[in-house]
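Asker: One file: start-v1.txt (compact mmCIF, C-alpha atoms and all ligand atoms).
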```
# COMPACT_ATOMS: atom_id res chain seq x y z
CA MET R 17 111.62 108.03 75.67
CA CYS R 18 112.60 104.57 76.85
CA THR R 19 115.74 104.72 78.99
CA VAL R 20 116.85 101.31 77.76
CA CYS R 21 116.45 101.41 73.99
CA GLY R 22 115.89 105.13 73.44
CA CYS R 23 112.65 104.63 71.49
CA GLY R 24 109.80 107.18 71.60
CA GLU R 25 106.86 106.83 73.97
CA GLY R 26 104.18 106.49 71.30
CA GLU R 27 100.65 107.28 72.35
CA THR R 28 99.35 105.31 75.29
CA THR R 29 95.67 104.39 75.54
CA ILE R 30 93.95 102.46 78.29
CA ASP R 31 91.07 100.63 76.62
CA ASP R 32 89.07 103.47 75.02
CA HIS R 33 90.30 106.08 77.47
CA GLN R 34 92.88 108.34 75.83
CA HIS R 35 95.87 109.41 77.87
CA HIS R 36 98.44 111.46 76.05
CA HIS R 37 102.04 111.57 77.08
CA HIS R 38 103.97 114.37 75.54
CA GLU R 39 107.68 113.92 75.29
CA PRO R 40 109.95 116.65 76.52
CA SER R 41 110.91 118.86 73.60
CA HIS R 42 113.60 117.29 71.49
CA GLU R 43 116.98 118.87 71.23
CA HIS R 44 118.07 118.76 67.63
CA SER R 45 121.69 119.77 67.61
CA HIS R 46 122.34 117.50 64.59
CA GLU R 47 125.82 116.63 65.69
CA HIS R 48 126.23 112.89 65.21
CA THR R 49 128.75 110.76 67.00
CA HIS R 50 129.26 107.06 66.51
CA ASP R 51 129.65 105.90 70.10
CA TYR R 52 127.23 102.94 69.81
CA GLY R 53 126.42 102.96 73.48
CA LYS R 54 130.00 102.83 74.76
CA GLY R 55 129.54 105.95 76.91
CA ALA R 56 128.07 106.38 80.36
CA ALA R 57 124.48 106.02 79.15
CA HIS R 58 125.16 102.62 77.50
CA ALA R 59 122.89 103.70 74.67
CA HIS R 60 123.14 105.75 71.53
CA ALA R 61 120.84 108.46 70.22
CA PRO R 62 121.79 110.68 67.29
CA GLY R 63 122.53 114.26 68.33
CA MET R 64 122.44 113.62 72.06
CA SER R 65 125.42 113.55 74.39
CA GLN R 66 125.97 110.67 76.79
CA ALA R 67 125.71 113.06 79.76
CA ARG R 68 122.34 114.32 78.54
CA MET R 69 121.12 110.73 78.10
CA VAL R 70 122.20 109.79 81.63
CA GLN R 71 120.27 112.81 82.95
CA ILE R 72 117.14 111.81 81.01
CA GLU R 73 117.47 108.21 82.17
CA GLN R 74 117.73 109.31 85.80
CA ASP R 75 114.70 111.59 85.42
CA ILE R 76 112.56 108.91 83.77
CA LEU R 77 113.48 106.14 86.18
CA GLY R 78 113.15 108.46 89.18
CA LYS R 79 109.64 109.46 88.11
CA ASN R 80 108.75 105.87 87.38
CA ASN R 81 109.90 104.79 90.83
CA GLN R 82 107.60 107.38 92.42
CA TYR R 83 104.59 106.01 90.51
CA ALA R 84 105.65 102.44 91.33
CA ALA R 85 105.94 103.27 95.03
CA ALA R 86 102.44 104.79 95.02
CA ASN R 87 101.10 101.66 93.27
CA ARG R 88 102.84 99.40 95.80
CA GLN R 89 101.35 101.37 98.67
CA TYR R 90 97.87 101.03 97.16
CA PHE R 91 98.32 97.30 96.59
CA SER R 92 99.54 96.81 100.13
CA GLU R 93 96.62 98.74 101.64
CA HIS R 94 94.16 96.68 99.62
CA GLY R 95 95.84 93.31 100.08
CA ILE R 96 96.30 92.91 96.32
CA HIS R 97 99.07 90.51 95.30
CA VAL R 98 100.61 91.69 92.03
CA LEU R 99 102.76 89.73 89.58
CA ASN R 100 104.41 91.27 86.51
CA LEU R 101 104.72 88.71 83.69
CA VAL R 102 107.62 89.45 81.37
CA SER R 103 108.85 87.58 78.28
CA SER R 104 109.51 87.84 74.58
CA PRO R 105 106.45 87.87 72.27
CA GLY R 106 104.62 84.56 71.98
CA SER R 107 106.20 82.70 74.91
CA GLY R 108 102.70 81.91 76.19
CA LYS R 109 101.84 84.61 78.76
CA THR R 110 98.17 84.94 77.81
CA SER R 111 97.75 81.15 77.47
CA LEU R 112 99.31 80.68 80.90
CA LEU R 113 97.05 83.35 82.40
CA SER R 114 93.86 81.97 80.85
CA ARG R 115 94.58 78.50 82.18
CA THR R 116 95.63 79.82 85.59
CA ILE R 117 92.42 81.83 85.92
CA GLU R 118 90.28 78.85 84.90
CA ASP R 119 92.03 76.59 87.41
CA MET R 120 92.27 79.09 90.28
CA GLN R 121 89.17 81.26 90.12
CA ALA R 122 87.44 79.21 92.80
CA GLU R 123 90.21 80.25 95.21
CA PHE R 124 91.01 83.80 94.17
CA SER R 125 89.45 86.84 92.69
CA VAL R 126 91.74 87.49 89.70
CA ALA R 127 92.13 90.65 87.60
CA VAL R 128 94.49 91.28 84.69
CA ILE R 129 96.17 94.34 83.17
CA GLU R 130 97.18 93.54 79.60
CA GLY R 131 99.98 95.43 77.92
CA ASP R 132 100.38 95.34 74.16
CA GLN R 133 101.47 97.79 71.52
CA GLN R 134 98.30 97.65 69.43
CA THR R 135 95.38 95.27 69.90
CA ALA R 136 92.89 94.45 72.66
CA ASN R 137 93.03 90.74 71.74
CA ASP R 138 94.68 89.58 74.96
CA ALA R 139 92.24 91.44 77.25
CA GLU R 140 89.36 89.88 75.30
CA ARG R 141 90.92 86.41 75.71
CA ILE R 142 91.15 87.02 79.46
CA ARG R 143 87.59 88.36 79.74
CA SER R 144 86.32 85.19 78.07
CA THR R 145 87.45 83.33 81.23
CA GLY R 146 85.16 85.56 83.32
CA ALA R 147 87.97 87.57 84.94
CA LYS R 148 88.17 91.37 84.89
CA ALA R 149 90.74 92.68 82.41
CA ILE R 150 91.84 96.03 81.05
CA GLN R 151 94.04 96.68 78.03
CA ILE R 152 96.84 99.21 77.91
CA ASN R 153 98.05 99.91 74.37
CA THR R 154 101.51 101.42 74.41
CA GLY R 155 101.61 102.37 70.71
CA LYS R 156 105.30 102.49 69.84
CA GLY R 157 106.23 102.09 73.53
CA CYS R 158 108.20 98.96 74.39
CA HIS R 159 107.19 98.39 78.05
CA LEU R 160 104.61 99.28 80.68
CA ASP R 161 105.53 101.90 83.27
CA GLY R 162 104.31 102.74 86.77
CA HIS R 163 102.17 105.66 85.59
CA MET R 164 100.24 103.58 83.03
CA VAL R 165 99.64 100.85 85.59
CA GLY R 166 98.37 103.36 88.17
CA HIS R 167 95.74 104.61 85.71
CA ALA R 168 94.80 101.07 84.68
CA VAL R 169 94.25 100.16 88.34
CA GLU R 170 91.97 103.22 88.77
CA SER R 171 89.79 101.96 85.92
CA LEU R 172 90.00 98.23 86.67
CA GLN R 173 89.32 98.49 90.42
CA PRO R 174 90.67 95.06 91.41
CA GLU R 175 88.97 93.67 94.50
CA ASP R 176 90.61 93.81 97.91
CA GLY R 177 92.51 90.59 98.59
CA SER R 178 92.68 89.72 94.87
CA LEU R 179 95.46 88.48 92.67
CA LEU R 180 96.44 90.99 89.96
CA PHE R 181 98.47 89.88 86.96
CA ILE R 182 100.17 92.38 84.71
CA GLU R 183 101.06 91.00 81.27
CA ASN R 184 103.87 93.25 80.10
CA VAL R 185 104.64 94.05 76.46
CA GLY R 186 106.45 91.11 74.81
CA ASN R 187 110.07 92.31 75.07
CA LEU R 188 112.96 90.71 76.96
CA VAL R 189 114.87 93.97 77.39
CA CYS R 190 113.06 97.17 78.40
CA PRO R 191 110.41 95.88 80.89
CA ALA R 192 113.30 94.74 83.14
CA ALA R 193 114.13 98.36 84.04
CA PHE R 194 110.64 99.51 85.03
CA ASP R 195 109.22 98.79 88.47
CA LEU R 196 105.42 98.74 88.31
CA GLY R 197 104.87 98.26 92.05
CA GLU R 198 104.57 94.50 91.66
CA ALA R 199 105.54 91.93 94.29
CA HIS R 200 107.49 89.80 91.79
CA LYS R 201 108.54 89.76 88.17
CA VAL R 202 107.90 86.34 86.61
CA ALA R 203 109.88 85.64 83.44
CA ILE R 204 108.36 83.20 80.97
CA LEU R 205 110.70 81.50 78.54
CA SER R 206 109.45 78.96 76.03
CA VAL R 207 111.60 76.05 74.91
CA THR R 208 111.29 77.15 71.28
CA GLU R 209 113.39 80.26 72.00
CA GLY R 210 116.72 78.54 72.75
CA GLU R 211 118.45 77.84 76.05
CA ASP R 212 120.84 80.78 75.85
CA LYS R 213 118.22 83.54 76.39
CA PRO R 214 119.02 84.05 80.11
CA ILE R 215 122.64 84.95 79.34
CA LYS R 216 121.74 86.98 76.22
CA TYR R 217 119.15 89.05 78.14
CA PRO R 218 120.59 88.90 81.67
CA ASP R 219 118.84 92.00 83.07
CA MET R 220 115.44 90.39 82.67
CA PHE R 221 116.40 87.12 84.31
CA HIS R 222 118.27 88.99 87.02
CA ALA R 223 115.14 91.04 87.81
CA ALA R 224 112.83 88.00 87.96
CA ASP R 225 112.20 85.90 91.06
CA LEU R 226 110.72 83.03 89.08
CA MET R 227 111.31 81.66 85.59
CA LEU R 228 108.58 79.56 84.02
CA LEU R 229 109.98 77.35 81.29
CA ASN R 230 106.90 76.95 79.09
CA LYS R 231 105.92 74.67 76.17
CA ILE R 232 107.69 71.61 77.57
CA ASP R 233 105.20 69.51 75.59
CA LEU R 234 107.35 70.43 72.54
CA LEU R 235 110.66 69.15 74.00
CA PRO R 236 110.53 65.83 72.12
CA TYR R 237 110.71 67.76 68.83
CA LEU R 238 113.51 70.16 69.75
CA ASP R 239 117.22 70.25 70.65
CA PHE R 240 116.65 72.26 73.79
CA ASP R 241 118.94 71.59 76.76
CA VAL R 242 116.79 72.18 79.85
CA ALA R 243 119.65 71.72 82.36
CA GLN R 244 121.85 74.18 80.46
CA CYS R 245 119.04 76.74 80.32
CA ILE R 246 118.50 76.51 84.08
CA ALA R 247 122.26 76.79 84.68
CA TYR R 248 122.37 79.95 82.56
CA ALA R 249 119.44 81.45 84.48
CA GLN R 250 121.14 80.70 87.81
CA GLN R 251 124.39 82.14 86.48
CA VAL R 252 122.76 85.57 86.05
CA ASN R 253 120.55 85.21 89.13
CA PRO R 254 121.52 82.62 91.77
CA ARG R 255 118.22 83.23 93.62
CA ILE R 256 115.92 82.52 90.67
CA ARG R 257 113.41 79.66 90.96
CA VAL R 258 112.64 77.68 87.83
CA LEU R 259 109.50 75.66 87.07
CA GLU R 260 109.01 73.58 83.91
CA LEU R 261 105.47 73.52 82.59
CA SER R 262 103.11 73.51 79.65
CA ALA R 263 100.26 76.01 79.52
CA LYS R 264 98.82 73.82 76.76
CA THR R 265 98.72 70.38 78.42
CA GLY R 266 98.70 71.60 82.03
CA GLU R 267 101.80 69.58 82.95
CA GLY R 268 103.73 71.26 85.79
CA MET R 269 101.04 73.87 86.46
CA ASP R 270 100.38 72.63 90.02
CA GLU R 271 103.78 73.80 91.20
CA TRP R 272 103.12 77.24 89.70
CA TYR R 273 99.85 77.37 91.63
CA GLN R 274 101.69 76.42 94.83
CA TRP R 275 104.16 79.24 94.21
CA LEU R 276 101.24 81.67 93.67
CA LEU R 277 99.52 80.56 96.85
CA SER R 278 102.64 80.64 99.00
CA THR R 279 103.95 84.02 97.77
CA ARG R 280 100.50 85.49 98.28
CA GLN R 281 100.27 84.09 101.80
CA THR R 282 103.71 85.47 102.63
CA ALA R 283 102.79 88.90 101.27
CA LEU R 284 99.59 88.99 103.29
CA ILE R 285 100.96 87.82 106.64
CA GLY R 286 99.72 90.23 109.25
CA HIS R 287 97.46 91.95 106.73
CA PRO R 288 93.81 92.54 107.57
CA LYS R 289 92.46 92.06 104.03
CA LYS R 290 93.34 88.42 103.52
CA ARG R 291 90.07 87.21 102.08
CA ALA R 292 90.67 85.40 98.80
CA LYS R 293 87.18 85.98 97.42
N1 LIG R 301 102.80 73.76 72.27
C1 LIG R 301 102.53 74.76 73.10
N2 LIG R 301 102.09 75.93 72.61
C2 LIG R 301 101.83 76.92 73.50
C3 LIG R 301 101.98 76.76 74.90
N3 LIG R 301 101.65 77.95 75.50
C4 LIG R 301 101.29 78.79 74.51
N4 LIG R 301 101.40 78.18 73.30
C5 LIG R 301 101.12 78.76 71.97
O1 LIG R 301 102.06 79.80 71.73
C6 LIG R 301 101.43 80.86 70.97
C7 LIG R 301 101.61 82.18 71.70
O2 LIG R 301 100.89 82.11 72.94
P1 LIG R 301 100.36 83.39 73.70
O3 LIG R 301 99.74 82.91 74.96
O4 LIG R 301 99.55 84.25 72.81
O5 LIG R 301 101.75 84.12 74.00
P2 LIG R 301 102.00 85.57 74.62
O6 LIG R 301 103.27 85.48 75.38
O7 LIG R 301 100.79 86.01 75.35
O8 LIG R 301 102.20 86.45 73.30
P3 LIG R 301 102.29 88.08 73.19
O9 LIG R 301 101.16 88.66 74.00
O10 LIG R 301 102.17 88.33 71.73
O11 LIG R 301 103.65 88.45 73.72
C8 LIG R 301 99.98 80.44 70.79
O12 LIG R 301 99.85 79.84 69.52
C9 LIG R 301 99.75 79.44 71.90
O13 LIG R 301 98.74 78.49 71.60
C10 LIG R 301 102.44 75.50 75.39
O14 LIG R 301 102.62 75.25 76.59
N5 LIG R 301 102.71 74.55 74.44
ZN ZN R 302 112.63 100.34 75.13
ZN ZN R 303 99.73 87.82 75.25
ZN ZN R 304 98.33 110.51 84.54
```
Mind turning this structure into structure tokens?
Answerer:
Amino acid sequence: MCTVCGCGEGETTIDDHQHHHHEPSHEHSHEHTHDYGKGAAHAHAPGMSQARMVQIEQDILGKNNQYAAANRQYFSEHGIHVLNLVSSPGSGKTSLLSRTIEDMQAEFSVAVIEGDQQTANDAERIRSTGAKAIQINTGKGCHLDGHMVGHAVESLQPEDGSLLFIENVGNLVCPAAFDLGEAHKVAILSVTEGEDKPIKYPDMFHAADLMLLNKIDLLPYLDFDVAQCIAYAQQVNPRIRVLELSAKTGEGMDEWYQWLLSTRQTALIGHPKKRAK
């Protein structure tokens, strides 16, 4: 169960490799209260007390943090710089990644873990650039978790010293709560979504170190207030960096590449496995 929205896990598959996750047995007391998330768990599930939900949430997040810590340890030992891309569906994550790989593959070895509910389309789009990619299908699941990413890394075997992107499931809510062992969460927001998204979905923008404001090529056709959007993002997270770019035209992408290079350098200071390729 997702601790944020209370949805079921669904059946996770990593490419063709089946990995079943059985939910703990459901308690069906059939008592139904209409608390609408006002209790301690800040969520509502029919027939389940708030105390029980808090316990489940703590168990799930605690377990996730253990998997994430193991992933982080592995990444650190292998000098792999990991970025977790989070956004709503269609903001341009896969387009941004494809262009980034094409522009940067002379400098880095890049690998990608793609998270989606159903298809392998995004992993195929990434492989067409020549980079290694693996697809995790979450079924009904609304986010990637540390356990899924650990298994994907076992199969993908990213090279030492490489850059590893994780494209999370398109969802501005649940992926915010799950550490995958990444160095940074990068939130992508496209200008077609409206400037108020950072204050409507504050957890996501609070968890991100960088916000990429994508599709700026469309600004002439929209009433989108860039300054207001950035102010909202800084309101929920005063430390957030914001870059304006277009994955389609390439405008603004250089600054994103500088951010990639500099965060990677910082992460690898004092590390023996610095080789980019
Ligand atoms: N005009 C414009 N369109 C863009 C830009 N970036 C992406 N798109 C378009 O936006 C649509 C969605 O892009 P994707 O890259 O598939 O978005 P995504 O975030 O990976 O989508 P999901 O994986 O479904 O969450 C596609 O039609 C892209 O061509 C951009 O900078 N400008
Ligand atoms: Zn969820
Ligand atoms: Zn995508
Ligand atoms: Zn397992």
Asker: I'd like to know which of R:Ser111, R:Thr154, R:Asn184, R:Thr265 is closest to Ile129 of chain R, using all atoms listed in the file.
Answerer: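 Of the candidates, the smallest distance to Ile129 of chain R is held by R:Asn184.
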Asker: I'd like a table as a tab-separated table: residues in chain R with an atom no more than 9 Å from ligand ZN 302 (chain R), each row giving the shortest atom pair and its distance in Å to one decimal, all atoms listed in the file counted, sorted by chain and rising residue number.
Answerer:
```
residue	atom	partner	partner_atom	distance
R:Met17	CA	R:ZN302	ZN	7.8
R:Cys18	CA	R:ZN302	ZN	4.6
R:Thr19	CA	R:ZN302	ZN	6.6
R:Val20	CA	R:ZN302	ZN	5.1
R:Cys21	CA	R:ZN302	ZN	4.1
R:Gly22	CA	R:ZN302	ZN	6.0
R:Cys23	CA	R:ZN302	ZN	5.6
R:Gly24	CA	R:ZN302	ZN	8.2
R:Glu25	CA	R:ZN302	ZN	8.8
R:Gly157	CA	R:ZN302	ZN	6.8
R:Cys158	CA	R:ZN302	ZN	4.7
R:His159	CA	R:ZN302	ZN	6.5
R:Asn187	CA	R:ZN302	ZN	8.4
R:Val189	CA	R:ZN302	ZN	7.1
R:Cys190	CA	R:ZN302	ZN	4.6
R:Pro191	CA	R:ZN302	ZN	7.6
```
Asker: Write out as a short mmCIF file (atom, residue, chain, number, x, y, z; two decimals) with C-alpha atoms, in the coordinates of the input the residues lying within 12 Å of Leu276 of chain R, counting only C-alpha atoms and excluding same-chain residues fewer than 2 positions away.
Answerer:
```cif
data_model
loop_
_atom_site.label_atom_id
_atom_site.label_comp_id
_atom_site.auth_asym_id
_atom_site.auth_seq_id
_atom_site.Cartn_x
_atom_site.Cartn_y
_atom_site.Cartn_z
CA HIS R 97 99.07 90.51 95.30
CA VAL R 98 100.61 91.69 92.03
CA LEU R 99 102.76 89.73 89.58
CA THR R 116 95.63 79.82 85.59
CA ILE R 117 92.42 81.83 85.92
CA MET R 120 92.27 79.09 90.28
CA GLU R 123 90.21 80.25 95.21
CA PHE R 124 91.01 83.80 94.17
CA VAL R 126 91.74 87.49 89.70
CA SER R 178 92.68 89.72 94.87
CA LEU R 179 95.46 88.48 92.67
CA LEU R 180 96.44 90.99 89.96
CA PHE R 181 98.47 89.88 86.96
CA ALA R 199 105.54 91.93 94.29
CA HIS R 200 107.49 89.80 91.79
CA VAL R 202 107.90 86.34 86.61
CA LEU R 226 110.72 83.03 89.08
CA MET R 269 101.04 73.87 86.46
CA ASP R 270 100.38 72.63 90.02
CA GLU R 271 103.78 73.80 91.20
CA TRP R 272 103.12 77.24 89.70
CA TYR R 273 99.85 77.37 91.63
CA GLN R 274 101.69 76.42 94.83
CA SER R 278 102.64 80.64 99.00
CA THR R 279 103.95 84.02 97.77
CA ARG R 280 100.50 85.49 98.28
CA GLN R 281 100.27 84.09 101.80
CA THR R 282 103.71 85.47 102.63
CA ALA R 283 102.79 88.90 101.27
#
```
Asker: Measuring atom to atom with only C-alpha atoms, identify which of R:His287, R:Lys109, R:His58, R:Arg255 is nearest to His94 of chain R.
Answerer: R:His287
Asker: Which residues, written as a ChimeraX atom specification, have at least one atom at most 12 Å from Leu234 of chain R, with all atoms listed in the file counted and residues fewer than 2 positions away on the same chain left out?
Answerer: /R:206-209,229-232,236-240,260-265,267
Asker: Counting only C-alpha atoms, write as a short mmCIF file (atom, residue, chain, number, x, y, z; two decimals) with C-alpha atoms, keeping the file's coordinate frame all protein and nucleic acid residues lying at most 10 Å from (118.4, 93.1, 79.9) in the file's frame.
Answerer:
```cif
data_model
loop_
_atom_site.label_atom_id
_atom_site.label_comp_id
_atom_site.auth_asym_id
_atom_site.auth_seq_id
_atom_site.Cartn_x
_atom_site.Cartn_y
_atom_site.Cartn_z
CA VAL R 20 116.85 101.31 77.76
CA ASN R 187 110.07 92.31 75.07
CA LEU R 188 112.96 90.71 76.96
CA VAL R 189 114.87 93.97 77.39
CA CYS R 190 113.06 97.17 78.40
CA PRO R 191 110.41 95.88 80.89
CA ALA R 192 113.30 94.74 83.14
CA ALA R 193 114.13 98.36 84.04
CA PRO R 214 119.02 84.05 80.11
CA ILE R 215 122.64 84.95 79.34
CA LYS R 216 121.74 86.98 76.22
CA TYR R 217 119.15 89.05 78.14
CA PRO R 218 120.59 88.90 81.67
CA ASP R 219 118.84 92.00 83.07
CA MET R 220 115.44 90.39 82.67
CA PHE R 221 116.40 87.12 84.31
CA HIS R 222 118.27 88.99 87.02
CA ALA R 223 115.14 91.04 87.81
#
```
Asker: Which is closer to Leu196 of chain R than all the others in R:Val252, R:Leu77, R:Ala84, R:Val242, using only C-alpha atoms?
Answerer: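 Once distances to Leu196 of chain R are computed over only C-alpha atoms, the minimum belongs to R:Ala84.
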Asker: Using all atoms listed in the file, which of the listed residues (R:Glu73, R:Glu118, R:Glu170, R:Glu130) sits closest to ligand ZN 303 (chain R)?
Answerer: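 For ligand ZN 303 (chain R), the nearest of the given residues is R:Glu130.
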Asker: Which residues of chain R come within 7 Å of ligand ZN 303 (chain R), and what is each one's closest atom pair and distance in Å (one decimal), counting only C-alpha atoms and all ligand atoms, sorted by chain and residue number, as JSON lines?
Answerer:
```
{"residue": "R:Gly106", "atom": "CA", "partner": "R:ZN303", "partner_atom": "ZN", "distance": 6.7}
{"residue": "R:Gly108", "atom": "CA", "partner": "R:ZN303", "partner_atom": "ZN", "distance": 6.7}
{"residue": "R:Lys109", "atom": "CA", "partner": "R:ZN303", "partner_atom": "ZN", "distance": 5.2}
{"residue": "R:Thr110", "atom": "CA", "partner": "R:ZN303", "partner_atom": "ZN", "distance": 4.2}
{"residue": "R:Asp138", "atom": "CA", "partner": "R:ZN303", "partner_atom": "ZN", "distance": 5.4}
{"residue": "R:Glu183", "atom": "CA", "partner": "R:ZN303", "partner_atom": "ZN", "distance": 6.9}
```
Asker: Could you jot down the atom CA of Arg88 of chain R to atom CA of Leu277 of chain R separation for me, Å, one decimal place?
Answerer: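 Atom CA of Leu277 of chain R lies 19.2 Å from atom CA of Arg88 of chain R.
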Asker: Mind pulling up the distance from atom CA of Lys148 of chain R to atom CA of Ala127 of chain R?
Answerer: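 For atom CA of Ala127 of chain R relative to atom CA of Lys148 of chain R, the distance reads 4.9 Å.
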Asker: If I take atom CA of Leu101 of chain R and atom CA of Ala57 of chain R, how far is one from the other in Å, to one decimal?
Answerer: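 Result for atom CA of Leu101 of chain R versus atom CA of Ala57 of chain R: 26.7 Å, one decimal.
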Asker: For segment 126-138 of chain R, take all atoms listed in the file, fit an axis-aligned box around them, add 5 Å to each of the six sides, then output centre and edge lengths in Å rounded to one decimal, as lines of an AutoDock Vina configuration file.
Answerer:
```
center_x = 96.6
center_y = 92.6
center_z = 79.6
size_x = 19.7
size_y = 20.3
size_z = 30.3
```
Asker: With only C-alpha atoms and all ligand atoms as the basis for distance, which of R:Lys79, R:Arg257, R:Arg143, R:His60 is at the shortest distance from ligand ZN 304 (chain R)?
Answerer: R:Lys79
Asker: Counting only C-alpha atoms, which of R:Gln151, R:Glu175, R:Tyr248, R:Val165 gets nearest to Glu93 of chain R?
Answerer: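 Distance minimum relative to Glu93 of chain R lands on R:Glu175.
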